[in-house]
Structure formats: C-alpha cells, structure tokens
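Beneath this line is the structure, given in structure tokens, with notes to follow.
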Amino acid sequence: MKPPRAALGLLLLLAGCGAPGPQPPAAQARLADASQRGASQVRAGDHAGAARRYEEALRIARSLDDADAEAVNSINLSIVYQRMGRLADARAALAPVLNDQRRAFSETRRLQAELRMAIMDLAARDAGGAASWAKRARERCQALNCAQTAAILNVQAQAALESGQPAEAITLANAAADRARSQDDPSEYANALRIVGRARGALGDAPAAVQALEKALEIDRELADPRKIMADLLELAHASLAAGNKQAARNYQERATAINRALRDEK
Amino acid sequence: MAKTFTPPVRFTRLVLKVNAFLLIALLLVAAFVGLVAYKQGWFIPQTGISFVTRNSLGINKGMPVKLYGFTIGTVSEMRLAQNGVAVKLSIISSYLERLPRGSRAKFARESGVVGASVIEIIPGRGEQPLAEDEYIDFEPGRGLSEIIDDFRRQAVPAFNEIKQVMSQFSRSGEEVSGAMITLRREMERIPETHRAVQKLLESATRASESATRASDSVARVSGTVEQAVPALFGKLAMTLDSINGAAGEIQRTGSEAQDLLRRVRPVVEHGENAARDAGNAARDAGEVIAAAKRVWPLRESFKQPDALLPIDSFEAYGLALRQK
C-alpha cells in the first residue's frame with residue numbers, strides 16, 4: 001500500500017506546484033507583458049522591436065504613475081537605444097530618472113541610471129564625464145551595498161585607463177574582479193580581466209596582459225557573447241604583437257575577423 | 001607370384017605430412033583457446049572478496065563490479081549462506097590495493113533507477129587494503145518505493161507547514177470577525193451614549209440655573225434684612241431651602257455623571273480591545289502572508305521578477321571597439 005499513497009502524495013505536491021499565482025490587474029499585466037517581450041527581443045537581437053516594446057511599457061508605467069516601472073523601462077530603453085546607435089535618445093530616456101527629483105524614484109534606480117550615463121559617456125570617449133557619473137553612482141551604491149558595485153568599478157577602471165592611468169585602472173579592475181567573483185557575476189569578472197589585460201599592455205607587461213586576456217576569453221566563451229569574444233581576441237592580438245609573437249597575433253586577428261564577418265552575415 | 005605393392009610417388013612420407021598437419025592444427029586450436037582465455041581475463045590474477053546479503057534479488061553471476069564507474073571485477077560465485085546469500089566478487093588483484101578496509105559494496109543501477117545493474121564498491125577510510133577472501137558490508141539498492149518513501153518523508157514537513165499556514169489564515173479570519181462584531185456592537189451603543197451625554201449637559205445647565213437663583217435670593221435677603229427683620233427668618237428659611245435644593249440638584253447631576261462615566265468606560269475599554277484585536281489580527285495576517293511567501297511552493301507565486309536588463313560595463317567598450 002505504500003507506493004500508491006506515496007504516489008498520491010507526489011501528485012498532490014505537483015498539483016501545488018501547478019497552482020496559478022495571484023492575477024495582476026489588466027494594466028499591470030500589459031506592462032509586465034510589454035516588458036517581458038522587450039527582454040525576449042533583446043535576447044533575440046531584435047533591438048528595434050525591443051525598443052517599441054519598452055516604449056509601450058514606459059507609456060503604461062507613466063499612465064499608472066508607477067515610478068519604479070518607469071525607471072526600469074527608461075534604463076532598458078537607454079540600453080537598447082545605445083545598441084541601435086541612437087545615443088541622444090539613449091541619454092534622453094534617462095533624463096527623467098536623473099533630473100526629476102520630485103518623482104519617487106528609488107536610490108537604486110537613480111544609481112543604475114547614473115551608471116548607464118557613465119557607460120554611455122565612456123563609450124563616447126568622454127572619460128571625464130564617465131568618471132563623474134560613476135563617482136555619483138558609487139557613492140549611492142556604497143550607501144545601499146548595491147549589486148552594481150563591480151560594474152561601477154569596471155567603468156571607473158576603464159575611465160582611468162582612457163585617462164592614461166593604467167596603474168589606477170589595474171587597482172580598480174582588481175577590486176571589480178574580487179567583487180564580481182564574490183557576487184558570482186562572471187560577466188563583470190571577465191570585463192575586469194579584460195581591463196587588467198589592457199592596462200598591463202599599456203604598462204608594457206605584454207605576457208601578463210596575454211595571461212589576463214586569455215582568462216577573460218575563456219569566461220566569455222562560456223558566456224557565449226560574440227561581441228565580448230571578439231573584443232578579447234582583438235586585445236589578445238595587440239598584446240601578442242607587443243610580446244613579439246606575430247604568429248599568435250595573426251591567429252587571434254583572424255579569429256576576430258571571422259566572428260565579425262559572422263556577425264555581419266547574421267544581420 | 002605376387003607382385004609387391006609399391007606406394008605411388010605422391011604418397012611418399014605421408015605419415016610425416018599427416019603428423020605435421022595435425023601438429024599445426026593443434027597449435028592453431030591452442031592459440032585460439034589461449035586468445036579466448038586471454039580475452040576472458042583468465043591470465044589476470046584475481047582476488048576474491050565476499051559479502052552476505054539477505055536479498056540477492058537482481059544480483060547475478062558475471063555482473064560487473066565497479067569502482068568510481070570503472071569495472072574492476074565481476075560477481076564470480078553465489079551460494080546460500082546461514083543468514084542470506086554469500087556473494088563472492090573476483091577483483092583484479094592489481095586494483096585490490098585501491099580498496100581499503102571499511103569499503104562497502106552497493107547494489108546500483110548505471111542510470112540511477114533504470115539501467116544495467118552493477119555492484120558498486122564504495123571505498124572506506126582504512127589505510128590497509130582489503131585481504132583475500134575478506135568479507136565486506138553490503139548496502140542494498142534503493143527501489144522506486146524507497147525513493148518515493150524518502151521523498152514523502154522530506155515532503156511531509158513542507159505539507160505540515162502549508163497546513164499550519166492555512167490554519168493561521170483561518171484563525172486570523174476568526175479574530176478579524178470577532179473584532180468586527182465587537183466594533184459593530186459598540187457602534188450600535190453610540191446613540192445611547194450620545195443621549196446620556198445630552199442628559200448630563202441638560203442636568204448641568206439646570207444646576208447652574210438653580211445656583212444662580214440661590215445666589216439672587218441670598219442677595220435679596222441681605223438687601224432686605226435690615227428692612228424686614230420680622231420676615232427675615234421666614235425668607236432665610238426659604239433661601240436655605242433653595243440652596244439645599246440646588247445642592248441636591250448638583251449632587252444628583254454628579255451621581256448621574258458618575259453613572260454615565262461608569263457606562264462609558266466599558267465602551268471605551270471595548271473600543272480599545274477591539275482596536276487591539278484588529279491590530280493583532282492585521283499583524284497576524286501580515287505574518288501569515290510573509291510566512292506563506294517563504295513557504296515552498298507558495299513563494300513561487302509571490303516572486304516578482306526584476307524586469308531590468310543587465311547593466312553590463314562592456315557597453316562602454318562598444319564604440320571604442322568600432323573605432324579600432
């Protein structure tokens with residue numbers, strides 16, 4: 001008699017797993033749906049479609065006076081716009097979160113918006129602006145013990161590297177790597193290693209640069225992000241050339257070119 | 001005269017040829033047998049170890065014996081023993097040093113519940129290896145019913161917790177209902193309280209008027225005392241009566257006020273109790289919901305995913321990459 005009773009218990013347990021959750025109101029459901037569809041389209045590489053979804057989600061969030069959803073979708077829009085090359089729109093999307101002090105945006109959302117601004121400034125080669133935004137984000141983050149510490153430190157490290165301070169960049173990137181490892185964030189860990197590699201290269205220590213970059217490449221291959229793999233290979237080509245290993249440099253360069261070609265064909 | 005038999009030329013040295021053929025055939029057969037024996041591991045020295053099981057169901061002669069999934073021997077013999085079945089394992093002697101004392105044998109299947117049956121050796125912590133013909137412990141394999149039983153044992157606390165949460169929900173509902181009934185009862189008594197307060201105010205007004213009248217009377221008495229001495233005592237007596245009346249009125253009003261306060265106190269106390277009950281019920285409900293949120297499988301229903309895309313510092317590298 002034991003097995004049938006056990007099977008019944010198992011069935012009941014599984015029925016519990018299948019119970020539907022609480023149903024949100026219609027507008028909230030539309031907001032969640034638009035946001036989820038946007039995320040799916042980002043994963044599929046359809047940035048234009050994702051932007052439309054996030055714009056819709058932002059409109060719904062505003063109509064519901066949902067400050068948090070508004071901030072989240074503004075940040076998501078800025079990410080998508082940046083990937084589409086619409087940099088002005090990406091900045092404009094963040095403006096309400098950064099400038100409107102009357103709205104009840106949480107400190108976390110504000111620091112995330114500041115971090116995004118730092119990233120966009122750095123992408124535009126404005127190291128000073130990036131450092132300023134990153135400093136603001138880090139101050140808020142320290143008070144909240146936020147999850148973006150590693151990303152902020154990496155942005156600060158990149159800003160230091162772009163400003164010609166490779167030693168400072170290594171210190172910041174190592175701190176970012178420690179933090180990313182403790183938070184089990186392989187993406188930021190690989191970013192930190194890449195910065196360490198670039199900074200070591202800038203200091204003329206090509207073998208150490210190759211070592212760090214190879215480690216970054218290994219992680220990025222596991223993450224399967226072609227853009228990052230390509231960046232690692234290009235940096236490895238530079239570092240190998242600096243180390244006098246022309247054959248390895250050519251090999252890395254060819255692999256990076258193959259990825260670039262594959263990405264172009266995909267588009 | 002008989003002619004002597006002369007064998008044909010082609011049969012010369014026939015015996016030698018036949019013997020050579022037989023020898024070669026014998027050698028080939030021996031080589032084949034040797035090859036088969038080699039393939040079967042007959043030349044590999046093997047050491048026997050044994051275990052006794054109360055139930056040898058599923059164990060067969062020839063079944064592989066594995067260590068870390070690697071075959072190190074086979075089940076070579078099975079015989080009925082005093083308390084069960086004695087199973088002898090033939091272990092390749094060179095692997096025996098990897099089996100320290102304290103090692104156990106376990107009946108297992110290659111893919112957990114399904115798959116080919118094997119005897120798995122779980123190495124012990126001893127320093128000396130097992131000796132020849134040594135007996136080791138045996139751990140019978142878990143069947144589907146045991147696995148389900150084990151699962152049920154683990155699931156029962158979760159079920160109990162869910163049951164407790166549900167009963168807490170139910171109790172909180174009762175407390176809220178009780179508080180609401182008390183509140184409604186007190187609200188029904190509000191008009192009565194209002195009437196009592198109005199009566200108190202009216203009584204107080206009347207007492208005040210009586211006091212004023214008494215005061216006027218005293219004034220009039222003092223004004224006329226010199227003029228009307230004979231009427232003094234009569235009027236004084238009347239005034240005293242008025243004062244007495246006023247004092248009585250005030251006393252009555254005071255007792256009515258005290259009575260009213262006595263009646264209002266339970267109302268206030270009930271109100272306080274009701275408020276306390278409602279607060280407790282709300283707190284309980286909050287705790288129950290918080291507990292429910294923590295309990296599997298309810299917590300999955302309450303989980304709110306953060307819709308934020310990951311903010312990756314690599315995005316800062318994007319344009320730099322294009323410019324290279």
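Chain labels follow the order of the structure tokens: the first chain is A, the next B, and so on; residue numbering restarts at 1 in every chain, and ligands are counted from 1 in their shown order.
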message: Can you pull out the residues contacting stretch 151-157 of chain A? Cut-off 7 Å, using only C-alpha atoms, and skip same-chain residues under 5 positions away; I want them as a PyMOL selection string.
response: (chain A and resi 115+119+131+134+138+169-170+172-173+176+188+192) or (chain B and resi 312-313)
- prompt: Residues at most 8 Å from A:Ala212, counting only C-alpha atoms, excluding those fewer than 4 positions away in the same chain, as a VMD selection string?
  reply: chain A and resid 193 to 194 196 to 197 208 216
message: Would you pick out the contacts of A:Ile75 at 8 Å or less, using only C-alpha atoms, so that residues sharing its chain but fewer than 5 positions from it are not included, and give the list as number ranges by chain?
response: A: 93-94, 112-113, 116; B: 308
Store the residues picked out above in a file with N, CA and C atoms, as a PDB file, in the first residue's frame.
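Output file part32.pdb is given in full below:
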ATOM      1  N   ALA A  93      16.331  59.212 -22.674  1.00  0.00           N
ATOM      2  CA  ALA A  93      15.489  58.240 -21.949  1.00  0.00           C
ATOM      3  C   ALA A  93      15.788  58.260 -20.452  1.00  0.00           C
ATOM      4  N   LEU A  94      17.051  58.562 -20.119  1.00  0.00           N
ATOM      5  CA  LEU A  94      17.436  58.527 -18.700  1.00  0.00           C
ATOM      6  C   LEU A  94      17.163  59.842 -17.973  1.00  0.00           C
ATOM      7  N   GLN A 112      21.450  53.279 -10.892  1.00  0.00           N
ATOM      8  CA  GLN A 112      21.537  52.497 -12.128  1.00  0.00           C
ATOM      9  C   GLN A 112      21.531  53.421 -13.347  1.00  0.00           C
ATOM     10  N   ALA A 113      20.708  54.474 -13.270  1.00  0.00           N
ATOM     11  CA  ALA A 113      20.666  55.448 -14.367  1.00  0.00           C
ATOM     12  C   ALA A 113      22.007  56.182 -14.465  1.00  0.00           C
ATOM     13  N   ARG A 116      24.467  53.964 -16.100  1.00  0.00           N
ATOM     14  CA  ARG A 116      24.231  53.913 -17.546  1.00  0.00           C
ATOM     15  C   ARG A 116      24.808  55.157 -18.228  1.00  0.00           C
TER      16      ARG A 116
ATOM     17  N   LEU B 308      14.536  44.610 -15.206  1.00  0.00           N
ATOM     18  CA  LEU B 308      15.679  45.406 -15.677  1.00  0.00           C
ATOM     19  C   LEU B 308      16.647  44.526 -16.456  1.00  0.00           C
TER      20      LEU B 308
END
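Nearest to chain A of all the residues B:Gln82, B:Ser145, B:Thr193, B:Ser56 is B:Ser145, based on only C-alpha atoms.
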- request: Select from stretch 92-185 of chain A everything DSSP, run on the backbone, classes as helix (DSSP H, G or I), then give the selection as an NGL selection string.
  value: :A and (92-99 or 107-123 or 127-144 or 149-162 or 166-182)
Pull C-alpha atoms from the residues just selected and write them as a PDB file, in the first residue's frame.
ATOM      1  CA  ALA A  92      17.118  61.441 -23.202  1.00  0.00           C
ATOM      2  CA  ALA A  93      15.489  58.240 -21.949  1.00  0.00           C
ATOM      3  CA  LEU A  94      17.436  58.527 -18.700  1.00  0.00           C
ATOM      4  CA  ALA A  95      16.807  62.234 -18.168  1.00  0.00           C
ATOM      5  CA  PRO A  96      13.577  61.898 -16.104  1.00  0.00           C
ATOM      6  CA  VAL A  97      15.171  59.418 -13.707  1.00  0.00           C
ATOM      7  CA  LEU A  98      18.259  61.579 -13.269  1.00  0.00           C
ATOM      8  CA  ASN A  99      16.731  65.042 -13.162  1.00  0.00           C
ATOM      9  CA  GLU A 107      18.033  55.372  -4.904  1.00  0.00           C
ATOM     10  CA  THR A 108      18.807  52.065  -6.615  1.00  0.00           C
ATOM     11  CA  ARG A 109      17.141  53.164  -9.856  1.00  0.00           C
ATOM     12  CA  ARG A 110      18.877  56.541  -9.719  1.00  0.00           C
ATOM     13  CA  LEU A 111      22.299  54.921  -9.293  1.00  0.00           C
ATOM     14  CA  GLN A 112      21.537  52.497 -12.128  1.00  0.00           C
ATOM     15  CA  ALA A 113      20.666  55.448 -14.367  1.00  0.00           C
ATOM     16  CA  GLU A 114      23.887  57.192 -13.315  1.00  0.00           C
ATOM     17  CA  LEU A 115      25.870  54.058 -14.113  1.00  0.00           C
ATOM     18  CA  ARG A 116      24.231  53.913 -17.546  1.00  0.00           C
ATOM     19  CA  MET A 117      25.195  57.556 -18.140  1.00  0.00           C
ATOM     20  CA  ALA A 118      28.791  56.743 -17.149  1.00  0.00           C
ATOM     21  CA  ILE A 119      28.817  53.821 -19.587  1.00  0.00           C
ATOM     22  CA  MET A 120      27.480  55.973 -22.410  1.00  0.00           C
ATOM     23  CA  ASP A 121      29.978  58.752 -21.710  1.00  0.00           C
ATOM     24  CA  LEU A 122      32.798  56.233 -21.742  1.00  0.00           C
ATOM     25  CA  ALA A 123      31.540  54.729 -24.995  1.00  0.00           C
ATOM     26  CA  ALA A 127      36.398  59.710 -19.726  1.00  0.00           C
ATOM     27  CA  GLY A 128      35.904  62.783 -17.502  1.00  0.00           C
ATOM     28  CA  GLY A 129      32.119  62.673 -17.768  1.00  0.00           C
ATOM     29  CA  ALA A 130      32.122  58.923 -17.229  1.00  0.00           C
ATOM     30  CA  ALA A 131      34.277  59.248 -14.105  1.00  0.00           C
ATOM     31  CA  SER A 132      31.934  61.914 -12.719  1.00  0.00           C
ATOM     32  CA  TRP A 133      28.761  59.829 -13.261  1.00  0.00           C
ATOM     33  CA  ALA A 134      30.473  56.693 -11.972  1.00  0.00           C
ATOM     34  CA  LYS A 135      31.582  58.546  -8.822  1.00  0.00           C
ATOM     35  CA  ARG A 136      27.974  59.600  -8.139  1.00  0.00           C
ATOM     36  CA  ALA A 137      26.741  56.064  -8.744  1.00  0.00           C
ATOM     37  CA  ARG A 138      29.414  54.620  -6.470  1.00  0.00           C
ATOM     38  CA  GLU A 139      28.510  56.995  -3.634  1.00  0.00           C
ATOM     39  CA  ARG A 140      24.882  55.923  -3.791  1.00  0.00           C
ATOM     40  CA  CYS A 141      25.914  52.293  -4.189  1.00  0.00           C
ATOM     41  CA  GLN A 142      28.119  52.332  -1.099  1.00  0.00           C
ATOM     42  CA  ALA A 143      25.190  53.536   0.993  1.00  0.00           C
ATOM     43  CA  LEU A 144      22.959  50.770  -0.382  1.00  0.00           C
ATOM     44  CA  THR A 149      29.478  47.618  -7.487  1.00  0.00           C
ATOM     45  CA  ALA A 150      31.564  45.502  -9.851  1.00  0.00           C
ATOM     46  CA  ALA A 151      30.142  47.238 -12.936  1.00  0.00           C
ATOM     47  CA  ILE A 152      30.757  50.690 -11.412  1.00  0.00           C
ATOM     48  CA  LEU A 153      34.351  49.778 -10.513  1.00  0.00           C
ATOM     49  CA  ASN A 154      34.899  48.451 -14.023  1.00  0.00           C
ATOM     50  CA  VAL A 155      33.609  51.701 -15.533  1.00  0.00           C
ATOM     51  CA  GLN A 156      35.896  53.679 -13.211  1.00  0.00           C
ATOM     52  CA  ALA A 157      38.798  51.424 -14.202  1.00  0.00           C
ATOM     53  CA  GLN A 158      38.076  51.965 -17.906  1.00  0.00           C
ATOM     54  CA  ALA A 159      37.816  55.712 -17.336  1.00  0.00           C
ATOM     55  CA  ALA A 160      41.192  55.646 -15.554  1.00  0.00           C
ATOM     56  CA  LEU A 161      42.694  53.642 -18.419  1.00  0.00           C
ATOM     57  CA  GLU A 162      41.295  56.041 -21.016  1.00  0.00           C
ATOM     58  CA  PRO A 166      46.877  52.242 -16.189  1.00  0.00           C
ATOM     59  CA  ALA A 167      48.129  51.548 -12.647  1.00  0.00           C
ATOM     60  CA  GLU A 168      44.963  53.069 -11.158  1.00  0.00           C
ATOM     61  CA  ALA A 169      42.925  51.111 -13.721  1.00  0.00           C
ATOM     62  CA  ILE A 170      44.536  47.838 -12.567  1.00  0.00           C
ATOM     63  CA  THR A 171      43.730  48.584  -8.904  1.00  0.00           C
ATOM     64  CA  LEU A 172      40.097  49.386  -9.708  1.00  0.00           C
ATOM     65  CA  ALA A 173      39.710  46.429 -12.072  1.00  0.00           C
ATOM     66  CA  ASN A 174      41.169  44.039  -9.498  1.00  0.00           C
ATOM     67  CA  ALA A 175      38.675  45.367  -6.933  1.00  0.00           C
ATOM     68  CA  ALA A 176      35.922  44.848  -9.523  1.00  0.00           C
ATOM     69  CA  ALA A 177      37.126  41.307 -10.172  1.00  0.00           C
ATOM     70  CA  ASP A 178      37.066  40.486  -6.445  1.00  0.00           C
ATOM     71  CA  ARG A 179      33.591  41.916  -6.106  1.00  0.00           C
ATOM     72  CA  ALA A 180      32.299  40.140  -9.226  1.00  0.00           C
ATOM     73  CA  ARG A 181      33.702  36.847  -8.004  1.00  0.00           C
ATOM     74  CA  SER A 182      32.069  37.252  -4.603  1.00  0.00           C
TER      75      SER A 182
END
- prompt: Between A:Asn260, A:Ser163, A:Asn191, A:Gln101, which is the closest to chain B once you count only C-alpha atoms?
  reply: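 When distances to chain B are compared using only C-alpha atoms, the smallest one comes from A:Asn191.
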task: For stretch 54-59 of chain A, please output as a PyMOL selection string all residues within 8 Å (counting only C-alpha atoms; exclusion window: fewer than 2 positions along the same chain).
output: chain A and resi 30-32+34-35+38+50-52+61-63+69-70+73-74+76-77
Take the residues from that selection and put them in a file with C-alpha atoms, as a PDB file, in the first residue's frame.
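Dumped everything to again-v8.pdb:
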ATOM      1  CA  ARG A  30       0.045  44.637 -20.078  1.00  0.00           C
ATOM      2  CA  LEU A  31       3.015  46.438 -18.539  1.00  0.00           C
ATOM      3  CA  ALA A  32       4.641  43.164 -17.486  1.00  0.00           C
ATOM      4  CA  ALA A  34       5.429  44.515 -22.825  1.00  0.00           C
ATOM      5  CA  SER A  35       8.487  44.444 -20.600  1.00  0.00           C
ATOM      6  CA  GLY A  38      11.109  43.558 -24.853  1.00  0.00           C
ATOM      7  CA  ALA A  50      12.595  45.663 -28.189  1.00  0.00           C
ATOM      8  CA  ALA A  51      12.650  49.469 -28.298  1.00  0.00           C
ATOM      9  CA  ARG A  52       8.986  49.526 -29.398  1.00  0.00           C
ATOM     10  CA  ALA A  61       4.089  52.803 -16.447  1.00  0.00           C
ATOM     11  CA  ARG A  62       3.552  56.590 -16.737  1.00  0.00           C
ATOM     12  CA  SER A  63      -0.213  56.152 -17.035  1.00  0.00           C
ATOM     13  CA  ALA A  69       8.441  50.552 -13.657  1.00  0.00           C
ATOM     14  CA  GLU A  70       9.038  53.908 -15.365  1.00  0.00           C
ATOM     15  CA  ASN A  73      11.840  50.778 -18.669  1.00  0.00           C
ATOM     16  CA  SER A  74      13.729  54.057 -19.136  1.00  0.00           C
ATOM     17  CA  ASN A  76      16.119  49.372 -20.573  1.00  0.00           C
ATOM     18  CA  LEU A  77      15.298  51.816 -23.383  1.00  0.00           C
TER      19      LEU A  77
END
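Among the candidate residues A:Gly164, A:Gly244, A:Gly45, A:Gly85, the one lying nearest to A:Ala202 is A:Gly164, with distances computed using only C-alpha atoms.
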